[in-house]
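Data file: final.cif. Format and content: mmCIF, C-alpha atoms.
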data_entry
loop_
_atom_site.label_atom_id
_atom_site.label_comp_id
_atom_site.auth_asym_id
_atom_site.auth_seq_id
_atom_site.Cartn_x
_atom_site.Cartn_y
_atom_site.Cartn_z
CA MET A 7 11.03 5.89 -10.17
CA GLU A 8 10.30 3.71 -7.20
CA ARG A 9 8.38 0.60 -8.20
CA GLN A 10 6.27 -0.35 -5.23
CA LEU A 11 3.82 -3.22 -5.17
CA SER A 12 0.96 -3.34 -2.72
CA PRO A 13 2.27 -5.55 0.08
CA THR A 14 1.16 -9.14 0.49
CA GLU A 15 -0.82 -9.62 3.70
CA ALA A 16 -0.26 -12.33 6.32
CA PRO A 17 -3.40 -14.31 5.31
CA TRP A 18 -1.76 -15.21 2.00
CA VAL A 19 1.29 -16.68 3.77
CA GLU A 20 -1.02 -18.52 6.16
CA ALA A 21 -3.01 -19.99 3.24
CA VAL A 22 0.20 -21.18 1.57
CA LEU A 23 1.61 -22.75 4.72
CA ALA A 24 -1.75 -24.44 5.45
CA ASP A 25 -1.68 -26.24 2.07
CA PHE A 26 1.92 -26.19 0.96
CA ASP A 27 1.42 -29.14 -1.39
CA ALA A 28 -1.17 -27.19 -3.40
CA PHE A 29 1.19 -24.23 -3.44
CA LEU A 30 4.05 -26.36 -4.80
CA LEU A 31 1.85 -27.61 -7.64
CA ASP A 32 0.85 -24.05 -8.48
CA HIS A 33 4.46 -22.89 -8.24
CA ALA A 34 5.52 -25.59 -10.69
CA ALA A 35 2.82 -24.46 -13.14
CA CYS A 36 3.95 -20.83 -12.81
CA GLU A 37 7.57 -21.71 -13.56
CA ARG A 38 6.58 -23.74 -16.62
CA LYS A 39 4.36 -20.92 -17.88
CA ALA A 40 7.14 -18.38 -17.27
CA SER A 41 9.50 -20.45 -19.40
CA ALA A 42 6.92 -20.68 -22.17
CA MET A 43 6.23 -16.94 -21.94
CA ALA A 44 9.91 -16.12 -22.42
CA MET A 45 10.00 -18.28 -25.53
CA THR A 46 6.83 -16.62 -26.77
CA PHE A 47 8.74 -13.32 -26.83
CA VAL A 48 11.38 -14.99 -29.02
CA VAL A 49 8.77 -16.36 -31.40
CA ARG A 50 6.58 -13.24 -31.58
CA TYR A 51 9.37 -10.68 -31.79
CA PRO A 52 12.32 -12.24 -33.65
CA ASP A 53 13.10 -8.81 -35.13
CA ARG A 54 13.79 -7.38 -31.65
CA GLU A 55 17.28 -8.80 -31.45
CA ALA A 56 18.15 -7.33 -28.05
CA ILE A 57 15.54 -9.56 -26.38
CA LEU A 58 16.45 -12.85 -28.03
CA GLU A 59 19.48 -13.99 -26.04
CA PRO A 60 18.09 -12.77 -22.67
CA MET A 61 14.71 -14.42 -23.28
CA ILE A 62 16.31 -17.72 -24.29
CA ARG A 63 18.43 -17.63 -21.12
CA LEU A 64 15.36 -16.74 -19.07
CA ALA A 65 13.34 -19.58 -20.60
CA LYS A 66 16.10 -22.03 -19.67
CA GLU A 67 16.37 -20.67 -16.12
CA GLU A 68 12.59 -20.80 -15.58
CA LEU A 69 12.51 -24.33 -16.97
CA GLY A 70 15.28 -25.21 -14.51
CA HIS A 71 13.14 -23.80 -11.69
CA PHE A 72 10.20 -25.85 -12.96
CA HIS A 73 12.39 -28.95 -12.84
CA GLN A 74 13.43 -28.17 -9.26
CA VAL A 75 9.83 -27.70 -8.14
CA PHE A 76 8.79 -30.79 -10.11
CA ARG A 77 11.31 -32.80 -8.08
CA LEU A 78 9.98 -31.35 -4.82
CA CYS A 79 6.49 -32.39 -5.91
CA GLN A 80 7.69 -35.89 -6.78
CA GLU A 81 9.38 -36.25 -3.39
CA ARG A 82 6.03 -35.47 -1.76
CA GLY A 83 4.11 -37.85 -4.01
CA LEU A 84 2.16 -35.00 -5.63
CA ARG A 85 0.54 -35.47 -9.02
CA PHE A 86 0.10 -32.75 -11.58
CA THR A 87 -3.31 -31.92 -12.92
CA ARG A 88 -4.36 -29.78 -15.84
CA ASP A 89 -3.42 -26.15 -15.53
CA GLN A 90 -6.00 -23.79 -14.14
CA LYS A 91 -6.42 -20.35 -15.62
CA ASP A 92 -4.72 -17.73 -13.49
CA PRO A 93 -7.26 -14.95 -12.78
CA TYR A 94 -4.46 -12.57 -11.82
CA VAL A 95 -2.48 -12.97 -15.04
CA ASN A 96 -5.66 -12.92 -17.12
CA ALA A 97 -6.74 -9.65 -15.50
CA LEU A 98 -3.40 -8.08 -16.41
CA LEU A 99 -3.40 -9.52 -19.92
CA GLY A 100 -6.75 -7.84 -20.42
CA LYS A 101 -5.01 -4.48 -19.94
CA VAL A 102 -2.42 -5.04 -22.67
CA ARG A 103 -3.03 -2.66 -25.56
CA GLN A 104 -3.27 -3.88 -29.15
CA GLY A 105 -0.82 -2.85 -31.85
CA ARG A 106 2.60 -4.32 -32.46
CA ASP A 107 4.78 -1.76 -30.68
CA ILE A 108 2.48 -0.84 -27.79
CA GLU A 109 1.60 -4.49 -27.21
CA PHE A 110 5.33 -5.32 -27.10
CA LEU A 111 5.88 -2.57 -24.53
CA ASP A 112 2.90 -3.61 -22.43
CA ARG A 113 3.86 -7.28 -22.46
CA LEU A 114 7.41 -6.48 -21.32
CA VAL A 115 6.19 -4.20 -18.54
CA MET A 116 3.43 -6.57 -17.47
CA ALA A 117 5.95 -9.44 -17.28
CA GLY A 118 8.23 -7.24 -15.16
CA VAL A 119 5.38 -6.46 -12.76
CA VAL A 120 4.35 -10.14 -12.52
CA GLU A 121 7.95 -11.12 -11.78
CA ALA A 122 8.13 -8.36 -9.16
CA ARG A 123 5.08 -9.87 -7.45
CA GLY A 124 6.78 -13.27 -7.55
CA HIS A 125 9.86 -11.73 -5.94
CA GLU A 126 7.74 -10.13 -3.22
CA ARG A 127 5.66 -13.22 -2.47
CA PHE A 128 8.51 -15.72 -2.59
CA GLY A 129 10.35 -13.42 -0.19
CA CYS A 130 7.38 -13.46 2.21
CA LEU A 131 7.29 -17.23 2.01
CA ALA A 132 11.05 -17.64 2.49
CA GLU A 133 10.85 -15.48 5.59
CA ALA A 134 8.01 -17.58 7.03
CA LEU A 135 9.55 -21.00 6.39
CA PRO A 136 11.59 -22.68 9.13
CA PRO A 137 15.35 -22.99 8.59
CA GLY A 138 16.24 -25.73 6.18
CA GLU A 139 16.39 -26.77 2.57
CA MET A 140 12.97 -25.39 1.57
CA LYS A 141 13.71 -21.98 3.08
CA GLU A 142 17.06 -21.84 1.23
CA PHE A 143 15.34 -22.83 -2.02
CA TYR A 144 12.80 -20.03 -1.71
CA GLU A 145 15.49 -17.52 -0.78
CA GLN A 146 17.25 -18.38 -4.05
CA ILE A 147 14.03 -18.20 -6.06
CA THR A 148 13.34 -14.78 -4.52
CA LEU A 149 16.66 -13.45 -5.82
CA SER A 150 15.99 -14.86 -9.29
CA GLU A 151 12.59 -13.19 -9.50
CA ALA A 152 14.13 -9.79 -8.71
CA ARG A 153 16.61 -10.21 -11.57
CA HIS A 154 13.85 -11.30 -13.93
CA SER A 155 11.71 -8.30 -13.10
CA GLU A 156 14.52 -5.85 -13.81
CA LEU A 157 15.39 -7.68 -17.02
CA PHE A 158 11.94 -6.99 -18.44
CA PHE A 159 12.04 -3.33 -17.44
CA ASP A 160 15.55 -2.93 -18.87
CA LEU A 161 14.55 -4.56 -22.15
CA ALA A 162 11.54 -2.25 -22.39
CA LYS A 163 13.90 0.72 -22.02
CA THR A 164 16.03 -0.67 -24.85
CA TYR A 165 13.16 -0.03 -27.26
CA PHE A 166 11.11 2.73 -25.63
CA ALA A 167 11.78 6.05 -23.90
CA ASP A 168 12.23 5.88 -20.14
CA ASP A 169 9.23 8.12 -19.45
CA GLU A 170 6.98 5.97 -21.67
CA VAL A 171 8.14 2.80 -19.90
CA GLU A 172 7.70 4.32 -16.45
CA ALA A 173 4.19 5.51 -17.33
CA ARG A 174 3.25 1.95 -18.28
CA VAL A 175 4.93 0.59 -15.15
CA ARG A 176 2.79 2.92 -13.02
CA PHE A 177 -0.30 1.87 -14.97
CA PHE A 178 0.41 -1.84 -14.53
CA LEU A 179 1.29 -1.43 -10.86
CA ASP A 180 -2.14 0.14 -10.31
CA GLU A 181 -3.86 -2.61 -12.28
CA GLU A 182 -1.79 -5.26 -10.52
CA ALA A 183 -2.85 -3.96 -7.09
CA GLN A 184 -6.49 -4.32 -8.11
CA ALA A 185 -5.96 -7.77 -9.61
CA ILE A 186 -4.15 -9.16 -6.58
CA ALA A 187 -6.68 -7.64 -4.15
CA ALA A 188 -9.56 -9.27 -6.04
CA ILE A 189 -8.29 -12.78 -5.30
CA PRO A 190 -8.88 -14.18 -1.82
CA PRO A 191 -5.81 -15.64 -0.08
CA ARG A 192 -5.17 -19.10 -1.46
CA PRO A 193 -2.25 -21.55 -1.73
CA ALA A 194 -1.15 -20.16 -5.10
CA LEU A 195 1.47 -17.64 -6.11
CA HIS A 196 -1.17 -15.23 -7.43
#
Encoded form (structure tokens):
Amino acid sequence: MERQLSPTEAPWVEAVLADFDAFLLDHAACERKASAMAMTFVVRYPDREAILEPMIRLAKEELGHFHQVFRLCQERGLRFTRDQKDPYVNALLGKVRQGRDIEFLDRLVMAGVVEARGHERFGCLAEALPPGEMKEFYEQITLSEARHSELFFDLAKTYFADDEVEARVRFFLDEEAQAIAAIPPRPALH
């Protein structure tokens, strides 16, 4: 099945480039939350052994990305503030079904879709940045997000039938399109 996100429009890239410092602070928060989310899978599902090693590796990689963005923020003299709730992620979390197995499936698929959006948006940003260190950094982050997205989908297929996973992917892609469209362009990943 082809997994196709609704494309990010130029106004989002323009909003990010117009306030890149705000975007960097949001990006740092997203990386930290992604690391914590990976560890949450380990804590909530210790009986799902196939996810443990990959989620620990993912948590470390996302924490490494956080550290890289943290350093970029420090170089610019930016100060962190308290995290803001992410309306995009909250909208998707609201679509996760309850019940141990179906919640596990939905959380894996949702995480894959969120990572796919990160891949798509970081790619848009990398393309728009002028040649240099920042462009190279976002090109690398773009590649990482693609791997992360596929990891979640692959792990879902370890525990659930392909057709069941793909049905939830389609569902979350539809919900994701609505969630991302509901947020005006702003200097944030979502």
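Of note, atom CA of A:Ala185 and atom CA of A:Asp112 are spaced 16.1 Å apart.
You will find atom CA of A:Thr164 at 17.1 Å from atom CA of A:Leu64.
Of the residues listed (A:Glu139, A:Leu69, A:Asp32, A:Leu99), A:Asp32 shows the shortest atom-to-atom separation from A:Thr87; distances use only C-alpha atoms.
Residue nearest A:Trp18 within the list A:Ala117, A:Leu131, A:Leu161, A:Leu179: A:Leu131 [criterion: smallest interatomic distance, only C-alpha atoms].
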Query raised in the report: So which residues touch stretch 119-126 of chain A within 8 Å, counting all atoms listed in the file, skipping near sequence neighbours fewer than 2 positions away, as a list in words?
Result: Leu11, Pro13, Thr14, Val95, Val115, Met116, Ala117, Phe128, Gly129, Cys130, Ile147, Thr148, Leu149, Ser150, Glu151, Ala152, His154, Ser155, Val175, Phe178, Leu179, Glu182 and Leu195 of chain A
Requested in this report: Using the chain letters and residue numbers of this document, give as a list in words the residues selected by the PyMOL selection byres ((chain A and resi 191) around 12).
Outcome: Thr14, Glu15, Ala16, Pro17, Trp18, Val19, Glu20, Ala21, Val22, Leu23, Ala24, Asp25, Phe29, Arg127, Ile186, Ala187, Ala188, Ile189, Pro190, Arg192, Pro193, Ala194, Leu195 and His196 of chain A
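The gap separating atom CA of A:Gly118 from atom CA of A:Ala44 is 11.6 Å, in Å to one decimal.
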Report task. May I have the protein, DNA and RNA residues with any atom at most 12 Å from the point (4.9, 2.1, -17.5), counting all atoms listed in the file, written as a ChimeraX atom specification? Result -> /A:7-9,102,108,111-119,158-160,162-163,166-181
**Report entry** Non-local contacts of A:Thr46 (9 Å; only C-alpha atoms; under 5 positions in same chain excluded) as a PyMOL selection string
**Finding:** chain A and resi 41+51+61
